[in-house]
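Enquirer: Dumping the structure here so I can ask a few things about it.
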Amino acid sequence: MKLLHIDSSVLGPHSVSRQVSAAIVARLREITPNLAVVYRDLTATPLSHLSGSHLAAAQGAATPDPALQRDLAAGHAVLDEFLNTDIVVLGAPMYNFTIPSQLKAWIDRIVVAGKTFRYGAQGPEALAGNKRVIVAISRGGFYGPGTPAAALEHLETYLRGVFGFIGIKPEFIAADGIRVGPEQREKALASALDAVTKLRAA
Ligand SMILES: Cc1cc2nc3c(=O)[nH]c(=O)nc-3n(C[C@H](O)[C@H](O)[C@H](O)COP(=O)(O)O)c2cc1C
């Protein structure tokens, strides 16, 4: 079985989502025989944003220059990595109410017509439903139903939507209220790490 581990926090060793995503991978290693893990750090090796010339070259409408060729190759590598894995463990912090732009750049490379979804007679059809995705999310505040900031929650809702679009129902482990204070940070991290110990094998 293959696992793709991805982090997207810019906070390095201070990151909560990185701690939780690492714990998830450690837990899955324990309970899954012969698990092969590939790691991708989207802040250490960022992907560039999509551009018009990228899309034109990807569709064969233009001859790519060397820089664009490298960009296309990086995108193909990321897409192949995703297509070839069974499990994705994703560290996803909330920045300005949604995912980091580094993670959006990755999503732009994996949500690709003809690869992970296609347009059929009845509208879009998902093509990536054979994967398990577990997301470690960390948020500075609280966004649960009924909270004043609930309408600003575009991290979990976005990831649920975009993975759903390609056929995947992600599992979430959340650490919330990280910026409320040190006590809440410890409590949220402990609760997330406890949830990790209860994860089951695929
Ligand atoms: C640039 C930046 C933007 C942030 N924006 C938000 C936000 O919109 N809402 C929120 O609740 N917390 C916000 N936070 C707090 C983070 O969500 C929180 O610190 C979380 O732990 C980040 O995950 P990480 O520790 O894995 O980086 C922000 C933090 C940073 C660095």
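Each chain in the structure tokens gets a letter, A, B, ..., in the order shown, and its residues are numbered from 1; ligands are numbered from 1 in order too.
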List the neighbours of segment 16-19 of chain A out to 8 Å using only C-alpha atoms; skip same-chain residues closer than 2 positions along the sequence, and give me the result as a VMD selection string.
Expert: chain A and resid 7 9 12 to 14 21 to 23 91 to 93 136 to 138 175 189
Enquirer: Check segment 44-131 of chain A with DSSP on the backbone and list each residue it calls helix (DSSP H, G or I), as a VMD selection string.
Expert: chain A and resid 52 to 58 66 to 83 101 to 110
Enquirer: From the list A:Leu4, A:Ile107, A:Ala201, A:Val25, which residue is nearest Phe165 of chain A when using only C-alpha atoms?
Expert: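 Result for the nearest residue to Phe165 of chain A: A:Ile107.
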Enquirer: Which polymer residues have any atom within 7 Å of an atom of segment 154-161 of chain A, counting only C-alpha atoms, with same-chain residues fewer than 4 positions away left out, as a PyMOL selection string?
Expert: chain A and resi 94+97-99+165+169-170
Enquirer: What does the file look like for those residues with C-alpha atoms, as a CSV table (one decimal), in the first residue's frame?
Expert:
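Just written: part_17.csv:
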chain,number,residue,atom,x,y,z
A,94,MET,CA,-6.1,27.8,8.0
A,97,PHE,CA,-10.0,31.5,6.4
A,98,THR,CA,-8.9,28.9,3.8
A,99,ILE,CA,-6.0,26.8,2.7
A,165,PHE,CA,-15.7,16.7,-6.7
A,169,LYS,CA,-14.8,11.7,1.1
A,170,PRO,CA,-12.0,13.1,3.2
Enquirer: Residues near segment 112-120 of chain A, anyone? I mean within 10 Å using only C-alpha atoms, not counting same-chain ones fewer than 2 positions away, as a PyMOL selection string.
Expert: chain A and resi 79-80+82-83+107-110+122-129+163+165-167
Enquirer: Select from segment 10-196 of chain A everything DSSP, run on the backbone, classes as strand (DSSP E or B), then give the selection as a short mmCIF file (atom, residue, chain, number, x, y, z; two decimals) with all heavy atoms, in the first residue's frame.
Expert:
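Result saved to states-v1.cif:
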data_model
loop_
_atom_site.label_atom_id
_atom_site.label_comp_id
_atom_site.auth_asym_id
_atom_site.auth_seq_id
_atom_site.Cartn_x
_atom_site.Cartn_y
_atom_site.Cartn_z
N ALA A 36 4.39 2.05 1.96
CA ALA A 36 5.47 2.84 1.33
C ALA A 36 5.05 4.31 1.37
O ALA A 36 3.98 4.66 0.87
CB ALA A 36 5.67 2.39 -0.10
N VAL A 37 5.90 5.15 1.99
CA VAL A 37 5.52 6.55 2.20
C VAL A 37 6.36 7.47 1.31
O VAL A 37 7.58 7.37 1.27
CB VAL A 37 5.71 6.94 3.68
CG1 VAL A 37 5.39 8.42 3.90
CG2 VAL A 37 4.82 6.08 4.59
N VAL A 38 5.68 8.38 0.63
CA VAL A 38 6.34 9.45 -0.14
C VAL A 38 5.98 10.76 0.55
O VAL A 38 4.82 10.96 0.92
CB VAL A 38 5.83 9.47 -1.60
CG1 VAL A 38 6.29 10.72 -2.33
CG2 VAL A 38 6.27 8.21 -2.33
N TYR A 39 6.98 11.64 0.74
CA TYR A 39 6.72 12.90 1.43
C TYR A 39 6.90 14.08 0.48
O TYR A 39 7.87 14.12 -0.27
CB TYR A 39 7.67 13.05 2.63
CG TYR A 39 7.43 14.32 3.42
CD1 TYR A 39 6.21 14.54 4.07
CD2 TYR A 39 8.40 15.31 3.51
CE1 TYR A 39 5.98 15.71 4.79
CE2 TYR A 39 8.18 16.48 4.23
CZ TYR A 39 6.96 16.67 4.86
OH TYR A 39 6.73 17.83 5.56
N ARG A 40 5.97 15.03 0.54
CA ARG A 40 6.10 16.25 -0.26
C ARG A 40 5.81 17.45 0.63
O ARG A 40 4.74 17.53 1.24
CB ARG A 40 5.14 16.23 -1.45
CG ARG A 40 5.23 17.45 -2.32
CD ARG A 40 4.41 17.31 -3.58
NE ARG A 40 5.04 16.48 -4.58
CZ ARG A 40 5.93 16.90 -5.48
NH1 ARG A 40 6.32 18.15 -5.49
NH2 ARG A 40 6.43 16.06 -6.37
N ASP A 41 6.77 18.37 0.69
CA ASP A 41 6.62 19.59 1.49
C ASP A 41 6.36 20.74 0.52
O ASP A 41 7.26 21.17 -0.21
CB ASP A 41 7.89 19.83 2.30
CG ASP A 41 7.74 21.00 3.26
OD1 ASP A 41 6.92 21.91 2.98
OD2 ASP A 41 8.45 21.01 4.28
N ILE A 87 -3.39 6.24 -0.22
CA ILE A 87 -3.78 7.08 0.92
C ILE A 87 -3.06 8.42 0.79
O ILE A 87 -1.87 8.45 0.44
CB ILE A 87 -3.35 6.44 2.26
CG1 ILE A 87 -3.86 5.01 2.39
CG2 ILE A 87 -3.79 7.28 3.45
CD1 ILE A 87 -3.27 4.24 3.58
N VAL A 88 -3.76 9.51 1.08
CA VAL A 88 -3.12 10.82 1.17
C VAL A 88 -3.31 11.33 2.59
O VAL A 88 -4.44 11.32 3.11
CB VAL A 88 -3.73 11.84 0.19
CG1 VAL A 88 -3.05 13.20 0.33
CG2 VAL A 88 -3.64 11.34 -1.25
N VAL A 89 -2.22 11.74 3.23
CA VAL A 89 -2.30 12.42 4.52
C VAL A 89 -1.85 13.85 4.29
O VAL A 89 -0.73 14.10 3.83
CB VAL A 89 -1.42 11.73 5.59
CG1 VAL A 89 -1.42 12.54 6.89
CG2 VAL A 89 -1.91 10.31 5.86
N LEU A 90 -2.75 14.78 4.61
CA LEU A 90 -2.52 16.17 4.23
C LEU A 90 -2.54 17.07 5.46
O LEU A 90 -3.51 17.05 6.23
CB LEU A 90 -3.68 16.55 3.29
CG LEU A 90 -3.75 17.91 2.66
CD1 LEU A 90 -2.50 18.20 1.84
CD2 LEU A 90 -4.98 17.97 1.75
N GLY A 91 -1.48 17.83 5.66
CA GLY A 91 -1.45 18.84 6.71
C GLY A 91 -1.95 20.15 6.13
O GLY A 91 -1.36 20.68 5.17
N ALA A 92 -3.05 20.69 6.69
CA ALA A 92 -3.68 21.86 6.07
C ALA A 92 -4.04 22.90 7.14
O ALA A 92 -5.07 22.78 7.80
CB ALA A 92 -4.93 21.43 5.31
N PRO A 93 -3.21 23.93 7.31
CA PRO A 93 -3.54 25.00 8.25
C PRO A 93 -4.53 25.98 7.64
O PRO A 93 -4.63 26.09 6.42
CB PRO A 93 -2.19 25.70 8.45
CG PRO A 93 -1.45 25.48 7.18
CD PRO A 93 -1.91 24.14 6.65
N TYR A 95 -5.23 29.64 6.74
CA TYR A 95 -4.66 30.98 6.55
C TYR A 95 -5.73 31.84 5.89
O TYR A 95 -6.22 31.51 4.80
CB TYR A 95 -3.42 30.95 5.65
CG TYR A 95 -2.23 30.21 6.23
CD1 TYR A 95 -1.22 29.75 5.41
CD2 TYR A 95 -2.09 30.00 7.60
CE1 TYR A 95 -0.12 29.07 5.92
CE2 TYR A 95 -1.01 29.33 8.13
CZ TYR A 95 -0.02 28.87 7.29
OH TYR A 95 1.06 28.19 7.80
N THR A 98 -8.94 30.02 4.80
CA THR A 98 -8.94 28.91 3.85
C THR A 98 -7.57 28.24 3.81
O THR A 98 -6.77 28.41 4.73
CB THR A 98 -9.41 29.43 2.46
OG1 THR A 98 -9.59 28.30 1.60
CG2 THR A 98 -8.45 30.42 1.84
N ALA A 113 -9.14 17.77 -15.59
CA ALA A 113 -10.13 17.09 -16.44
C ALA A 113 -9.46 15.96 -17.22
O ALA A 113 -8.36 16.12 -17.75
CB ALA A 113 -10.77 18.09 -17.41
N PHE A 117 -11.23 13.88 -12.89
CA PHE A 117 -12.67 14.00 -13.18
C PHE A 117 -12.81 14.15 -14.68
O PHE A 117 -11.83 14.39 -15.39
CB PHE A 117 -13.31 15.20 -12.45
CG PHE A 117 -12.95 16.54 -13.05
CD1 PHE A 117 -13.81 17.16 -13.95
CD2 PHE A 117 -11.74 17.16 -12.76
CE1 PHE A 117 -13.49 18.39 -14.53
CE2 PHE A 117 -11.41 18.38 -13.33
CZ PHE A 117 -12.28 18.99 -14.21
N ARG A 118 -14.03 13.97 -15.18
CA ARG A 118 -14.26 14.24 -16.60
C ARG A 118 -15.65 14.83 -16.78
O ARG A 118 -16.52 14.67 -15.91
CB ARG A 118 -14.09 12.97 -17.45
CG ARG A 118 -15.16 11.95 -17.21
CD ARG A 118 -15.05 10.76 -18.17
NE ARG A 118 -15.86 9.67 -17.62
CZ ARG A 118 -15.43 8.42 -17.44
NH1 ARG A 118 -14.21 8.07 -17.78
NH2 ARG A 118 -16.23 7.51 -16.91
N TYR A 119 -15.84 15.52 -17.86
CA TYR A 119 -17.15 16.06 -18.18
C TYR A 119 -17.90 15.03 -19.00
O TYR A 119 -17.51 14.70 -20.11
CB TYR A 119 -17.01 17.38 -18.96
CG TYR A 119 -16.41 18.49 -18.12
CD1 TYR A 119 -15.12 18.94 -18.37
CD2 TYR A 119 -17.12 19.05 -17.06
CE1 TYR A 119 -14.56 19.94 -17.58
CE2 TYR A 119 -16.56 20.05 -16.28
CZ TYR A 119 -15.28 20.49 -16.55
OH TYR A 119 -14.73 21.47 -15.78
N GLY A 120 -18.99 14.47 -18.43
CA GLY A 120 -19.80 13.49 -19.13
C GLY A 120 -21.13 14.11 -19.57
O GLY A 120 -21.35 15.32 -19.36
N GLY A 123 -22.87 15.86 -16.83
CA GLY A 123 -22.08 16.83 -16.06
C GLY A 123 -20.79 16.19 -15.59
O GLY A 123 -20.40 15.12 -16.08
N PRO A 124 -20.11 16.80 -14.61
CA PRO A 124 -18.81 16.28 -14.17
C PRO A 124 -18.93 14.90 -13.50
O PRO A 124 -19.87 14.67 -12.75
CB PRO A 124 -18.31 17.31 -13.16
CG PRO A 124 -19.27 18.43 -13.17
CD PRO A 124 -20.49 18.03 -13.91
N GLU A 125 -17.98 14.03 -13.80
CA GLU A 125 -17.93 12.70 -13.17
C GLU A 125 -16.58 12.57 -12.46
O GLU A 125 -15.54 12.87 -13.03
CB GLU A 125 -18.00 11.60 -14.24
CG GLU A 125 -19.32 11.51 -14.96
CD GLU A 125 -19.22 10.58 -16.18
OE1 GLU A 125 -18.31 9.71 -16.21
OE2 GLU A 125 -20.02 10.77 -17.09
N ALA A 126 -16.63 12.06 -11.22
CA ALA A 126 -15.41 11.89 -10.43
C ALA A 126 -14.66 10.65 -10.89
O ALA A 126 -15.27 9.63 -11.21
CB ALA A 126 -15.78 11.76 -8.96
N ARG A 132 -8.10 7.02 -0.04
CA ARG A 132 -8.45 7.51 1.30
C ARG A 132 -7.64 8.79 1.53
O ARG A 132 -6.42 8.80 1.33
CB ARG A 132 -8.06 6.46 2.34
CG ARG A 132 -8.42 6.85 3.75
CD ARG A 132 -7.99 5.76 4.73
NE ARG A 132 -8.51 6.02 6.06
CZ ARG A 132 -8.12 5.38 7.15
NH1 ARG A 132 -7.21 4.40 7.07
NH2 ARG A 132 -8.62 5.67 8.34
N VAL A 133 -8.33 9.85 1.95
CA VAL A 133 -7.64 11.11 2.24
C VAL A 133 -7.93 11.48 3.70
O VAL A 133 -9.10 11.55 4.10
CB VAL A 133 -8.10 12.24 1.29
CG1 VAL A 133 -7.53 13.58 1.74
CG2 VAL A 133 -7.68 11.94 -0.15
N ILE A 134 -6.86 11.69 4.46
CA ILE A 134 -7.01 12.09 5.87
C ILE A 134 -6.35 13.46 6.01
O ILE A 134 -5.17 13.61 5.67
CB ILE A 134 -6.34 11.09 6.82
CG1 ILE A 134 -6.82 9.65 6.52
CG2 ILE A 134 -6.63 11.45 8.28
CD1 ILE A 134 -6.05 8.58 7.26
N VAL A 135 -7.10 14.44 6.50
CA VAL A 135 -6.58 15.80 6.56
C VAL A 135 -6.40 16.23 8.01
O VAL A 135 -7.34 16.15 8.82
CB VAL A 135 -7.53 16.80 5.86
CG1 VAL A 135 -6.84 18.15 5.71
CG2 VAL A 135 -7.99 16.28 4.50
N ALA A 136 -5.20 16.70 8.34
CA ALA A 136 -4.93 17.30 9.65
C ALA A 136 -5.11 18.80 9.49
O ALA A 136 -4.29 19.45 8.82
CB ALA A 136 -3.50 16.99 10.08
N ILE A 137 -6.18 19.35 10.08
CA ILE A 137 -6.37 20.79 9.95
C ILE A 137 -6.11 21.48 11.29
O ILE A 137 -6.36 20.93 12.35
CB ILE A 137 -7.78 21.15 9.42
CG1 ILE A 137 -8.89 20.54 10.26
CG2 ILE A 137 -7.96 20.78 7.98
CD1 ILE A 137 -10.27 20.95 9.78
N SER A 138 -5.57 22.69 11.20
CA SER A 138 -5.36 23.49 12.41
C SER A 138 -5.86 24.90 12.12
O SER A 138 -5.60 25.46 11.07
CB SER A 138 -3.89 23.49 12.82
OG SER A 138 -3.08 23.81 11.74
N ARG A 139 -6.62 25.40 13.10
CA ARG A 139 -7.22 26.73 12.93
C ARG A 139 -6.97 27.56 14.18
O ARG A 139 -7.04 27.03 15.31
CB ARG A 139 -8.74 26.58 12.71
CG ARG A 139 -9.10 25.91 11.40
CD ARG A 139 -10.59 25.64 11.23
NE ARG A 139 -11.03 24.50 12.02
CZ ARG A 139 -11.96 23.61 11.62
NH1 ARG A 139 -12.55 23.73 10.44
NH2 ARG A 139 -12.29 22.60 12.40
N GLU A 171 -11.42 12.38 5.48
CA GLU A 171 -11.58 12.31 6.94
C GLU A 171 -10.79 13.49 7.51
O GLU A 171 -9.71 13.79 7.02
CB GLU A 171 -10.99 11.00 7.47
CG GLU A 171 -11.63 9.75 6.88
CD GLU A 171 -10.73 8.51 7.04
OE1 GLU A 171 -10.26 8.24 8.14
OE2 GLU A 171 -10.52 7.84 6.02
N PHE A 172 -11.31 14.12 8.56
CA PHE A 172 -10.63 15.28 9.14
C PHE A 172 -10.28 15.03 10.60
O PHE A 172 -11.09 14.49 11.35
CB PHE A 172 -11.53 16.52 9.07
CG PHE A 172 -11.73 17.03 7.67
CD1 PHE A 172 -12.83 16.62 6.92
CD2 PHE A 172 -10.81 17.90 7.10
CE1 PHE A 172 -13.01 17.08 5.63
CE2 PHE A 172 -10.99 18.36 5.80
CZ PHE A 172 -12.09 17.95 5.07
N ILE A 173 -9.09 15.45 10.97
CA ILE A 173 -8.71 15.52 12.39
C ILE A 173 -8.32 16.98 12.63
O ILE A 173 -7.41 17.50 11.97
CB ILE A 173 -7.57 14.55 12.72
CG1 ILE A 173 -8.09 13.11 12.57
CG2 ILE A 173 -7.03 14.81 14.13
CD1 ILE A 173 -7.11 12.03 12.94
N ALA A 174 -9.04 17.64 13.54
CA ALA A 174 -8.87 19.09 13.68
C ALA A 174 -8.27 19.48 15.02
O ALA A 174 -8.58 18.89 16.05
CB ALA A 174 -10.23 19.77 13.53
N ALA A 175 -7.40 20.49 14.98
CA ALA A 175 -6.92 21.17 16.18
C ALA A 175 -7.39 22.61 16.08
O ALA A 175 -6.94 23.36 15.20
CB ALA A 175 -5.39 21.09 16.26
N ASP A 176 -8.29 23.00 16.96
CA ASP A 176 -8.94 24.31 16.84
C ASP A 176 -8.60 25.23 18.01
O ASP A 176 -8.29 24.78 19.11
CB ASP A 176 -10.47 24.12 16.77
CG ASP A 176 -10.92 23.65 15.41
OD1 ASP A 176 -10.28 24.06 14.42
OD2 ASP A 176 -11.88 22.86 15.34
#
Enquirer: Using only C-alpha atoms, find the one residue out of A:Gly140, A:Asn130, A:His76, A:Ala67 that sits nearest to Pro182 of chain A.
Expert: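 Checking each candidate against Pro182 of chain A, we get A:Gly140 as the closest.
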Enquirer: Select, from A:Gly164, A:Gly75, A:Gly52, A:Gly141, the residue with the minimum atom-to-atom distance to ligand 1, counting only C-alpha atoms and all ligand atoms.
Expert: A:Gly141
Enquirer: Could you pull the residues within 7 Å of Thr43 of chain A, counting only C-alpha atoms, minus those fewer than 4 positions along the same chain, as a ChimeraX atom specification?
Expert: /A:8,10,102
Enquirer: Grab the residues selected above and save them as a compact mmCIF listing (two decimals), in the first residue's frame with all heavy atoms.
Expert:
# COMPACT_ATOMS: atom_id res chain seq x y z
N SER A 8 1.73 21.66 4.25
CA SER A 8 1.63 22.95 3.58
C SER A 8 1.75 24.14 4.54
O SER A 8 1.61 25.28 4.12
CB SER A 8 0.30 23.04 2.82
OG SER A 8 -0.80 22.92 3.71
N VAL A 10 3.56 27.02 6.65
CA VAL A 10 4.83 27.75 6.51
C VAL A 10 5.56 27.85 7.86
O VAL A 10 6.64 28.44 7.92
CB VAL A 10 4.60 29.18 5.95
CG1 VAL A 10 3.98 29.12 4.56
CG2 VAL A 10 3.76 30.04 6.89
N GLN A 102 0.03 27.69 -1.23
CA GLN A 102 0.88 26.57 -1.69
C GLN A 102 0.05 25.30 -1.91
O GLN A 102 0.30 24.53 -2.84
CB GLN A 102 1.98 26.26 -0.66
CG GLN A 102 3.06 27.32 -0.53
CD GLN A 102 2.69 28.40 0.47
OE1 GLN A 102 1.54 28.54 0.90
NE2 GLN A 102 3.67 29.20 0.85
